[in-house]
$ cat coords.cif   # mmCIF, C-alpha atoms
data_query
#
loop_
_atom_site.group_PDB
_atom_site.id
_atom_site.type_symbol
_atom_site.label_atom_id
_atom_site.label_comp_id
_atom_site.auth_asym_id
_atom_site.auth_seq_id
_atom_site.Cartn_x
_atom_site.Cartn_y
_atom_site.Cartn_z
ATOM 1 C CA MET A 1 297.455 254.542 169.514
ATOM 2 C CA ALA A 2 293.829 253.757 170.203
ATOM 3 C CA ALA A 3 292.851 256.205 167.526
ATOM 4 C CA CYS A 4 295.136 254.491 165.025
ATOM 5 C CA MET A 5 293.579 251.049 165.833
ATOM 6 C CA ALA A 6 290.086 252.461 165.433
ATOM 7 C CA GLY A 7 291.050 253.977 162.109
ATOM 8 C CA GLY A 8 292.527 250.654 160.923
ATOM 9 C CA CYS A 9 289.358 248.756 161.887
ATOM 10 C CA GLY A 10 287.246 251.296 160.032
ATOM 11 C CA PHE A 11 289.435 250.960 156.937
ATOM 12 C CA ALA A 12 289.158 247.114 157.034
ATOM 13 C CA ALA A 13 285.362 247.260 157.355
ATOM 14 C CA GLY A 14 285.099 249.690 154.467
ATOM 15 C CA TRP A 15 287.340 247.488 152.280
ATOM 16 C CA ALA A 16 285.212 244.419 152.978
ATOM 17 C CA ARG A 17 281.985 246.278 152.008
ATOM 18 C CA SER A 18 283.566 247.518 148.780
ATOM 19 C CA PHE A 19 284.794 243.977 147.923
ATOM 20 C CA ARG A 20 281.293 242.485 148.368
ATOM 21 C CA ALA A 21 279.780 245.228 146.240
ATOM 22 C CA ALA A 22 282.353 244.647 143.480
ATOM 23 C CA ARG A 23 281.791 240.863 143.612
ATOM 24 C CA THR A 24 278.102 241.284 142.887
ATOM 25 C CA LEU A 25 278.913 243.362 139.800
ATOM 26 C CA LEU A 26 281.341 240.802 138.333
ATOM 27 C CA PRO A 27 280.129 238.458 135.531
ATOM 28 C CA ALA A 28 279.797 234.707 136.087
ATOM 29 C CA PRO A 29 283.305 233.692 134.901
ATOM 30 C CA ALA A 30 284.904 236.354 137.094
ATOM 31 C CA ALA A 31 282.872 235.218 140.084
ATOM 32 C CA ALA A 32 284.001 231.644 139.430
ATOM 33 C CA ALA A 33 287.600 232.858 139.247
ATOM 34 C CA CYS A 34 287.224 234.638 142.565
ATOM 35 C CA ARG A 35 285.872 231.479 144.114
ATOM 36 C CA HIS A 36 288.835 229.547 142.708
ATOM 37 C CA ARG A 37 291.250 232.001 144.253
ATOM 38 C CA ALA A 38 289.414 231.938 147.547
ATOM 39 C CA GLY A 39 289.821 228.160 147.681
ATOM 40 C CA PRO A 40 287.781 225.026 146.930
ATOM 41 C CA GLU A 41 284.228 225.165 148.132
ATOM 42 C CA ARG A 42 282.547 222.216 149.836
ATOM 43 C CA PRO A 43 280.520 220.270 147.267
ATOM 44 C CA HIS A 44 276.764 220.209 147.685
ATOM 45 C CA SER A 45 274.765 217.092 146.864
ATOM 46 C CA SER A 46 271.991 217.613 144.373
ATOM 47 C CA GLY A 47 270.490 214.089 144.655
ATOM 48 C CA PRO A 48 270.734 211.114 142.341
ATOM 49 C CA SER A 49 269.613 213.099 139.285
ATOM 50 C CA GLY A 50 272.263 215.770 139.556
ATOM 51 C CA ALA A 51 275.127 213.552 140.775
ATOM 52 C CA SER A 52 277.437 212.796 137.891
ATOM 53 C CA GLY A 53 280.898 212.606 139.442
ATOM 54 C CA PRO A 54 282.372 209.358 140.684
ATOM 55 C CA GLY A 55 282.597 210.629 144.257
ATOM 56 C CA ALA A 56 279.074 212.049 144.345
ATOM 57 C CA PHE A 57 276.726 210.753 147.030
ATOM 58 C CA GLN A 58 274.121 208.312 145.809
ATOM 59 C CA PRO A 59 271.552 207.033 148.320
ATOM 60 C CA PRO A 60 270.991 203.283 148.352
ATOM 61 C CA PRO A 61 267.865 201.998 146.604
ATOM 62 C CA LYS A 62 264.816 201.303 148.691
ATOM 63 C CA PRO A 63 264.537 197.654 149.705
ATOM 64 C CA VAL A 64 261.649 195.763 148.179
ATOM 65 C CA ILE A 65 259.942 193.711 150.863
ATOM 66 C CA ALA A 66 258.151 190.758 149.277
ATOM 67 C CA ASP A 67 256.188 188.163 151.220
ATOM 68 C CA PRO A 68 257.426 184.741 150.069
ATOM 69 C CA ARG A 69 254.380 183.042 151.536
ATOM 70 C CA PRO A 70 251.635 182.332 149.013
ATOM 71 C CA SER A 71 248.220 183.789 149.508
ATOM 72 C CA PRO A 72 245.763 181.545 151.356
ATOM 73 C CA ARG A 73 244.557 178.710 149.164
ATOM 74 C CA ALA A 74 246.324 180.264 146.160
ATOM 75 C CA GLY A 75 246.781 177.672 143.460
ATOM 76 C CA GLN A 76 245.281 174.946 145.631
ATOM 77 C CA ARG A 77 242.924 172.441 144.056
ATOM 78 C CA PHE A 78 240.641 170.150 145.990
ATOM 79 C CA LEU A 79 240.449 166.559 144.802
ATOM 80 C CA SER A 80 237.626 164.644 146.385
ATOM 81 C CA PRO A 81 239.017 161.547 148.167
ATOM 82 C CA GLU A 82 236.770 159.087 146.323
ATOM 83 C CA PHE A 83 238.638 159.802 143.065
ATOM 84 C CA ILE A 84 241.829 158.195 144.393
ATOM 85 C CA PRO A 85 241.672 154.393 144.040
ATOM 86 C CA PRO A 86 242.480 152.281 147.099
ATOM 87 C CA ARG A 87 245.910 150.864 147.586
ATOM 88 C CA GLY A 88 246.403 147.301 146.468
ATOM 89 C CA ARG A 89 245.733 145.136 143.455
ATOM 90 C CA THR A 90 242.836 146.996 141.930
ATOM 91 C CA ASN A 91 241.609 147.131 138.372
ATOM 92 C CA PRO A 92 242.602 150.585 137.039
ATOM 93 C CA LEU A 93 240.148 150.314 134.128
ATOM 94 C CA LYS A 94 237.256 149.869 136.534
ATOM 95 C CA PHE A 95 238.082 153.066 138.430
ATOM 96 C CA GLN A 96 238.755 154.941 135.195
ATOM 97 C CA LEU A 97 235.254 154.102 133.919
ATOM 98 C CA GLU A 98 233.768 155.031 137.281
ATOM 99 C CA ARG A 99 235.532 158.389 137.243
ATOM 100 C CA LYS A 100 233.899 159.188 133.893
ATOM 101 C CA ASP A 101 230.479 158.472 135.383
ATOM 102 C CA MET A 102 231.353 160.543 138.465
ATOM 103 C CA LEU A 103 232.339 163.524 136.343
ATOM 104 C CA GLU A 104 229.117 163.265 134.341
ATOM 105 C CA ARG A 105 227.138 163.180 137.577
ATOM 106 C CA ARG A 106 228.970 166.271 138.866
ATOM 107 C CA LYS A 107 227.839 168.185 135.763
ATOM 108 C CA VAL A 108 224.253 167.679 136.927
ATOM 109 C CA LEU A 109 224.720 167.885 140.722
ATOM 110 C CA HIS A 110 227.039 170.384 142.389
ATOM 111 C CA ILE A 111 229.029 168.478 145.006
ATOM 112 C CA PRO A 112 230.831 171.046 147.182
ATOM 113 C CA GLU A 113 234.128 170.666 148.996
ATOM 114 C CA PHE A 114 233.485 169.267 152.458
ATOM 115 C CA TYR A 115 235.347 167.354 155.148
ATOM 116 C CA VAL A 116 234.560 165.425 158.287
ATOM 117 C CA GLY A 117 233.244 167.941 160.807
ATOM 118 C CA HIS A 118 231.277 170.038 158.303
ATOM 119 C CA ILE A 119 227.584 170.665 158.892
ATOM 120 C CA LEU A 120 225.632 169.742 155.766
ATOM 121 C CA ARG A 121 222.036 169.939 154.611
ATOM 122 C CA VAL A 122 221.069 167.242 152.095
ATOM 123 C CA THR A 123 217.907 167.354 150.023
ATOM 124 C CA THR A 124 216.757 164.021 148.603
ATOM 125 C CA ALA A 125 213.765 162.817 146.609
ATOM 126 C CA ASP A 126 211.129 161.138 148.768
ATOM 127 C CA LEU A 127 207.956 159.737 147.226
ATOM 128 C CA HIS A 128 206.231 159.525 150.606
ATOM 129 C CA ALA A 129 206.935 163.154 151.608
ATOM 130 C CA SER A 130 204.387 165.911 151.072
ATOM 131 C CA GLY A 131 206.639 167.928 148.775
ATOM 132 C CA LYS A 132 208.172 164.815 147.196
ATOM 133 C CA SER A 133 211.473 165.742 148.832
ATOM 134 C CA SER A 134 212.975 165.691 152.310
ATOM 135 C CA GLN A 135 215.877 167.443 154.012
ATOM 136 C CA PHE A 136 218.250 166.343 156.711
ATOM 137 C CA LEU A 137 220.832 168.494 158.487
ATOM 138 C CA GLY A 138 223.688 167.069 160.510
ATOM 139 C CA ILE A 139 227.406 166.953 161.116
ATOM 140 C CA CYS A 140 229.515 164.766 158.847
ATOM 141 C CA ILE A 141 231.089 162.124 161.071
ATOM 142 C CA GLN A 142 232.594 159.855 158.410
ATOM 143 C CA ARG A 143 233.526 159.662 154.719
ATOM 144 C CA SER A 144 234.246 156.242 153.266
ATOM 145 C CA GLY A 145 234.231 154.289 150.041
ATOM 146 C CA LYS A 146 235.888 154.839 146.671
ATOM 147 C CA GLY A 147 234.542 155.576 143.239
ATOM 148 C CA LEU A 148 230.799 155.409 142.762
ATOM 149 C CA GLY A 149 230.510 153.650 146.126
ATOM 150 C CA ALA A 150 231.608 156.730 148.096
ATOM 151 C CA THR A 151 229.416 157.500 151.112
ATOM 152 C CA PHE A 152 229.189 160.087 153.870
ATOM 153 C CA THR A 153 227.342 159.863 157.192
ATOM 154 C CA LEU A 154 225.482 162.712 158.879
ATOM 155 C CA ARG A 155 224.457 162.742 162.533
ATOM 156 C CA ASN A 156 222.016 164.925 164.443
ATOM 157 C CA THR A 157 220.167 164.607 167.744
ATOM 158 C CA ILE A 158 216.438 165.149 167.284
ATOM 159 C CA GLU A 159 214.158 165.172 170.333
ATOM 160 C CA GLY A 160 216.875 163.549 172.429
ATOM 161 C CA GLN A 161 217.411 160.688 169.992
ATOM 162 C CA GLY A 162 220.556 160.376 167.903
ATOM 163 C CA VAL A 163 219.783 160.006 164.192
ATOM 164 C CA GLU A 164 222.347 159.001 161.576
ATOM 165 C CA ILE A 165 221.840 158.757 157.819
ATOM 166 C CA CYS A 166 224.422 157.327 155.441
ATOM 167 C CA PHE A 167 224.141 158.919 151.984
ATOM 168 C CA GLN A 168 225.648 157.660 148.775
ATOM 169 C CA LEU A 169 227.518 160.618 147.327
ATOM 170 C CA TYR A 170 226.534 159.882 143.718
ATOM 171 C CA ASN A 171 223.007 158.721 144.400
ATOM 172 C CA PRO A 172 220.688 160.137 141.693
ATOM 173 C CA ARG A 173 218.023 160.739 144.354
ATOM 174 C CA ILE A 174 220.116 163.519 145.894
ATOM 175 C CA HIS A 175 218.934 166.925 144.694
ATOM 176 C CA GLU A 176 221.266 169.226 146.631
ATOM 177 C CA ILE A 177 224.172 169.123 149.067
ATOM 178 C CA GLN A 178 224.557 172.412 150.932
ATOM 179 C CA VAL A 179 227.435 173.263 153.250
ATOM 180 C CA VAL A 180 225.937 175.087 156.233
ATOM 181 C CA LYS A 181 229.128 175.459 158.265
ATOM 182 C CA LEU A 182 232.594 174.909 156.872
ATOM 183 C CA GLU A 183 235.056 173.723 159.516
ATOM 184 C CA LYS A 184 237.346 170.820 160.288
ATOM 185 C CA ARG A 185 237.820 168.883 163.502
ATOM 186 C CA LEU A 186 240.884 167.443 165.211
ATOM 187 C CA ASP A 187 240.153 163.918 163.958
ATOM 188 C CA ASP A 188 239.460 162.380 160.549
ATOM 189 C CA SER A 189 236.542 160.400 161.960
ATOM 190 C CA LEU A 190 233.921 161.539 164.481
ATOM 191 C CA LEU A 191 232.270 158.212 165.182
ATOM 192 C CA TYR A 192 232.990 158.740 168.860
ATOM 193 C CA LEU A 193 230.162 161.306 168.912
ATOM 194 C CA ARG A 194 227.875 158.299 169.370
ATOM 195 C CA ASP A 195 229.338 157.890 172.867
ATOM 196 C CA ALA A 196 229.636 161.624 173.607
ATOM 197 C CA LEU A 197 227.073 163.842 175.285
ATOM 198 C CA PRO A 198 224.127 164.684 173.001
ATOM 199 C CA GLU A 199 224.906 168.413 173.041
ATOM 200 C CA TYR A 200 227.913 167.885 170.771
ATOM 201 C CA SER A 201 225.787 166.467 167.965
ATOM 202 C CA THR A 202 222.666 168.624 168.300
ATOM 203 C CA PHE A 203 222.026 171.202 165.581
ATOM 204 C CA ASP A 204 219.050 173.319 164.608
ATOM 205 C CA VAL A 205 217.429 171.980 161.459
ATOM 206 C CA ASN A 206 216.713 175.581 160.388
ATOM 207 C CA MET A 207 220.327 176.656 160.831
ATOM 208 C CA LYS A 208 221.423 179.338 158.354
ATOM 209 C CA PRO A 209 224.634 178.964 156.339
ATOM 210 C CA VAL A 210 227.790 180.521 157.763
ATOM 211 C CA LEU A 211 229.757 182.099 154.915
ATOM 212 C CA LEU A 212 233.537 182.416 154.746
ATOM 213 C CA GLU A 213 235.557 185.019 152.887
ATOM 214 C CA SER A 214 236.907 183.996 149.505
ATOM 215 C CA GLY A 215 240.442 182.639 149.737
ATOM 216 C CA GLN A 216 240.210 181.960 153.465
ATOM 217 C CA ASP A 217 241.511 178.654 154.787
ATOM 218 C CA VAL A 218 239.083 176.157 156.256
ATOM 219 C CA PRO A 219 239.091 176.792 160.035
ATOM 220 C CA VAL A 220 239.859 173.970 162.461
ATOM 221 C CA ASN A 221 237.579 173.618 165.465
ATOM 222 C CA GLN A 222 239.709 172.740 168.511
ATOM 223 C CA LEU A 223 236.687 171.463 170.450
ATOM 224 C CA LYS A 224 237.190 168.437 172.718
ATOM 225 C CA VAL A 225 234.029 166.588 173.697
ATOM 226 C CA LYS A 226 232.981 165.057 176.985
ATOM 227 C CA MET A 227 232.016 161.407 176.905
ATOM 228 C CA LYS A 228 229.186 159.499 178.533
ATOM 229 C CA PRO A 229 230.075 157.021 181.251
ATOM 230 C CA LYS A 230 231.343 153.668 180.042
ATOM 231 C CA PRO A 231 230.696 151.277 178.342
ATOM 232 C CA TRP A 232 231.458 152.795 174.925
ATOM 233 C CA SER A 233 230.972 151.317 171.479
ATOM 234 C CA LYS A 234 234.779 151.149 171.084
ATOM 235 C CA ARG A 235 237.814 151.637 173.283
ATOM 236 C CA TRP A 236 238.580 155.113 172.008
ATOM 237 C CA GLU A 237 241.421 155.590 174.493
ATOM 238 C CA ARG A 238 243.619 153.020 172.765
ATOM 239 C CA PRO A 239 246.443 154.422 170.605
ATOM 240 C CA GLN A 240 245.253 152.666 167.460
ATOM 241 C CA PHE A 241 242.443 155.241 167.071
ATOM 242 C CA ASN A 242 244.723 158.225 167.790
ATOM 243 C CA ILE A 243 241.833 160.341 169.041
ATOM 244 C CA GLN A 244 242.583 163.998 169.802
ATOM 245 C CA GLY A 245 239.078 165.367 170.337
ATOM 246 C CA ILE A 246 238.066 163.622 173.580
ATOM 247 C CA ARG A 247 238.625 164.811 177.148
ATOM 248 C CA PHE A 248 239.932 161.523 178.510
ATOM 249 C CA ASP A 249 241.050 163.208 181.728
ATOM 250 C CA LEU A 250 237.389 163.678 182.720
ATOM 251 C CA CYS A 251 236.221 160.111 182.133
ATOM 252 C CA LEU A 252 239.251 157.856 182.696
ATOM 253 C CA THR A 253 241.699 157.448 185.539
ATOM 254 C CA GLU A 254 245.452 157.577 185.158
ATOM 255 C CA GLN A 255 245.663 153.823 185.676
ATOM 256 C CA GLN A 256 243.200 153.216 182.831
ATOM 257 C CA MET A 257 245.204 155.459 180.500
ATOM 258 C CA GLN A 258 248.391 153.571 181.336
ATOM 259 C CA GLU A 259 246.606 150.285 180.679
ATOM 260 C CA ALA A 260 245.503 151.570 177.251
ATOM 261 C CA GLN A 261 249.090 152.444 176.307
ATOM 262 C CA LYS A 262 249.978 148.736 176.414
ATOM 263 C CA TRP A 263 248.178 148.415 173.073
ATOM 264 C CA SER A 264 250.409 150.939 171.368
ATOM 265 C CA ARG A 265 252.464 149.915 168.331
ATOM 266 C CA PRO A 266 255.324 152.436 168.126
ATOM 267 C CA TRP A 267 257.096 150.553 165.340
ATOM 268 C CA LEU A 268 254.413 151.475 162.817
ATOM 269 C CA GLU A 269 255.656 155.048 162.469
ATOM 270 C CA PHE A 270 258.928 153.688 161.047
ATOM 271 C CA ASP A 271 257.165 151.442 158.511
ATOM 272 C CA MET A 272 257.793 153.211 155.197
ATOM 273 C CA MET A 273 255.656 150.698 153.288
ATOM 274 C CA ARG A 274 252.547 152.084 155.002
ATOM 275 C CA GLU A 275 252.943 155.402 153.193
ATOM 276 C CA TYR A 276 250.728 155.701 150.135
ATOM 277 C CA ASP A 277 252.164 158.206 147.667
ATOM 278 C CA THR A 278 249.299 159.410 145.472
ATOM 279 C CA SER A 279 251.028 162.331 143.723
ATOM 280 C CA LYS A 280 251.339 160.583 140.347
ATOM 281 C CA ILE A 281 247.793 159.243 140.559
ATOM 282 C CA GLU A 282 246.435 162.692 141.384
ATOM 283 C CA ALA A 283 248.287 164.254 138.443
ATOM 284 C CA ALA A 284 246.772 161.679 136.065
ATOM 285 C CA ILE A 285 243.308 162.214 137.521
ATOM 286 C CA TRP A 286 243.584 165.987 137.100
ATOM 287 C CA LYS A 287 244.393 165.468 133.428
ATOM 288 C CA GLU A 288 241.256 163.361 133.069
ATOM 289 C CA ILE A 289 239.190 166.057 134.789
ATOM 290 C CA GLU A 290 240.574 168.823 132.555
ATOM 291 C CA ALA A 291 239.899 166.737 129.439
ATOM 292 C CA ALA A 292 236.336 166.079 130.597
ATOM 293 C CA ASN A 293 235.733 169.781 131.260
ATOM 294 C CA LYS A 294 236.928 170.710 127.764
ATOM 295 C CA SER A 295 234.682 168.161 126.100
#
$ encode --input "coords.cif" --output "structure tokens"
Amino acid sequence: MAACMAGGCGFAAGWARSFRAARTLLPAPAAAACRHRAGPERPHSSGPSGASGPGAFQPPPKPVIADPRPSPRAGQRFLSPEFIPPRGRTNPLKFQLERKDMLERRKVLHIPEFYVGHILRVTTADLHASGKSSQFLGICIQRSGKGLGATFTLRNTIEGQGVEICFQLYNPRIHEIQVVKLEKRLDDSLLYLRDALPEYSTFDVNMKPVLLESGQDVPVNQLKVKMKPKPWSKRWERPQFNIQGIRFDLCLTEQQMQEAQKWSRPWLEFDMMREYDTSKIEAAIWKEIEAANKS
């Protein structure tokens, strides 16, 4: 019986070898027919290009990740604050004529973008100087005025003495305004530097310009200054000044801070009439500037 089983296994193996040999000799249609008789074969995916049937596998498209945030300072335009007329009953013709003169002056003198807290170097004509011109470097502590009356104040401590110069922005005696360091501070006015330690308003007159990359936002200096002992020129701790750049915890007691809060006026933040919407005025001014640049 064992011999019969061995003979049957040998016959089956020989039949399988002969079937494979005959299958290789068959033409393509016959091979397809043999596959049809043998049963359906599992479909193979050939990718999106070769998939044509409705049930073929199609991989999902790759997601496109787009950053909705605009690039830094993309599409932003700086309008100098003196171009916007003050709120109230003002003569619009007067400011319109002044803006024309301001634009003509800007064609002669390059007035850069600067804010309170920037370190500037201003070159002015001086008949009594050896080179007929003088320079002053300092930190901008205030910008005020509108139209042709716009001014900015620079402060520096020279030989232990605080020196401040108020320049008229459109003064024809100004030859150059150079931004040495471009940065903002926590407050819109730095007049409290008069009562701060001298180290916070001391700068080297030969300081070299610090350049920023193109398109980079203006950095904000989070520095908080230490004040001299009282008395001060103003009560900077009172809420009406809203000072963020002073270390009051080092110069005032908790009782003094509580006493200063009695002067707070919390109802002002709900006064909608105090808001000055200048969007329409700015749009009209930009049209004037574009027309002046074309002419």
$ resolve_selection --input "coords.cif" --expression "the PyMOL selection byres ((chain A and resi 239) around 9)" --output "list in words"
Trp236, Glu237, Arg238, Gln240, Phe241, Asn242, Ile243, Ala260, Gln261, Lys262, Trp263, Ser264 and Arg265 of chain A
$ write_last_selection --input "coords.cif" --atoms "C-alpha atoms" --output "PDB file, in the coordinates of the input"
ATOM      1  CA  TRP A 236     238.580 155.113 172.008  1.00  0.00           C
ATOM      2  CA  GLU A 237     241.421 155.590 174.493  1.00  0.00           C
ATOM      3  CA  ARG A 238     243.619 153.020 172.765  1.00  0.00           C
ATOM      4  CA  GLN A 240     245.253 152.666 167.460  1.00  0.00           C
ATOM      5  CA  PHE A 241     242.443 155.241 167.071  1.00  0.00           C
ATOM      6  CA  ASN A 242     244.723 158.225 167.790  1.00  0.00           C
ATOM      7  CA  ILE A 243     241.833 160.341 169.041  1.00  0.00           C
ATOM      8  CA  ALA A 260     245.503 151.570 177.251  1.00  0.00           C
ATOM      9  CA  GLN A 261     249.090 152.444 176.307  1.00  0.00           C
ATOM     10  CA  LYS A 262     249.978 148.736 176.414  1.00  0.00           C
ATOM     11  CA  TRP A 263     248.178 148.415 173.073  1.00  0.00           C
ATOM     12  CA  SER A 264     250.409 150.939 171.368  1.00  0.00           C
ATOM     13  CA  ARG A 265     252.464 149.915 168.331  1.00  0.00           C
TER      14      ARG A 265
END
$ atom_distance --input "coords.cif" --atom1 "CA of Ser130 (chain A)" --atom2 "CA of Lys107 (chain A)"
28.1 Å
$ atom_distance --input "coords.cif" --atom1 "CA of Ser189 (chain A)" --atom2 "CA of Arg106 (chain A)"
25.0 Å
$ closest_residue --input "coords.cif" --among "A:Lys287, A:Arg121, A:Arg173, A:Lys208" --to "Arg105 (chain A)" --atoms "all atoms listed in the file"
A:Arg173
$ residues_around --input "coords.cif" --residues "region 147-160 of chain A" --least-positions-apart "2" --cutoff "10 Å" --atoms "all atoms listed in the file" --output "VMD selection string"
chain A and resid 81 to 86 94 to 99 101 to 102 115 to 122 136 to 145 162 to 171 190 to 191 193 to 194 198 to 205
$ atom_distance --input "coords.cif" --atom1 "CA of Ser133 (chain A)" --atom2 "CA of Ser80 (chain A)"
26.3 Å
$ resolve_selection --input "coords.cif" --expression "the PyMOL selection byres ((chain A and resi 284) around 12)" --output "list in words"
Leu79, Phe83, Ile84, Pro85, Pro92, Gln96, Arg99, Thr278, Ser279, Lys280, Ile281, Glu282, Ala283, Ile285, Trp286, Lys287, Glu288, Ile289, Glu290 and Ala291 of chain A
$ closest_residue --input "coords.cif" --among "A:Asp249, A:Glu113, A:Asp277, A:Asp271" --to "Ile177 (chain A)" --atoms "all atoms listed in the file"
A:Glu113
$ closest_residue --input "coords.cif" --among "A:Ala196, A:Leu127, A:Val218, A:Ile246" --to "Lys230 (chain A)" --atoms "only C-alpha atoms"
A:Ala196
$ residues_near_point --input "coords.cif" --point "(217.7, 167.6, 148.7)" --cutoff "7 Å" --atoms "only C-alpha atoms" --output "list in words"
Val122, Thr123, Thr124, Ala125, Ser133, Ser134, Gln135, Ile174, His175, Glu176 and Ile177 of chain A
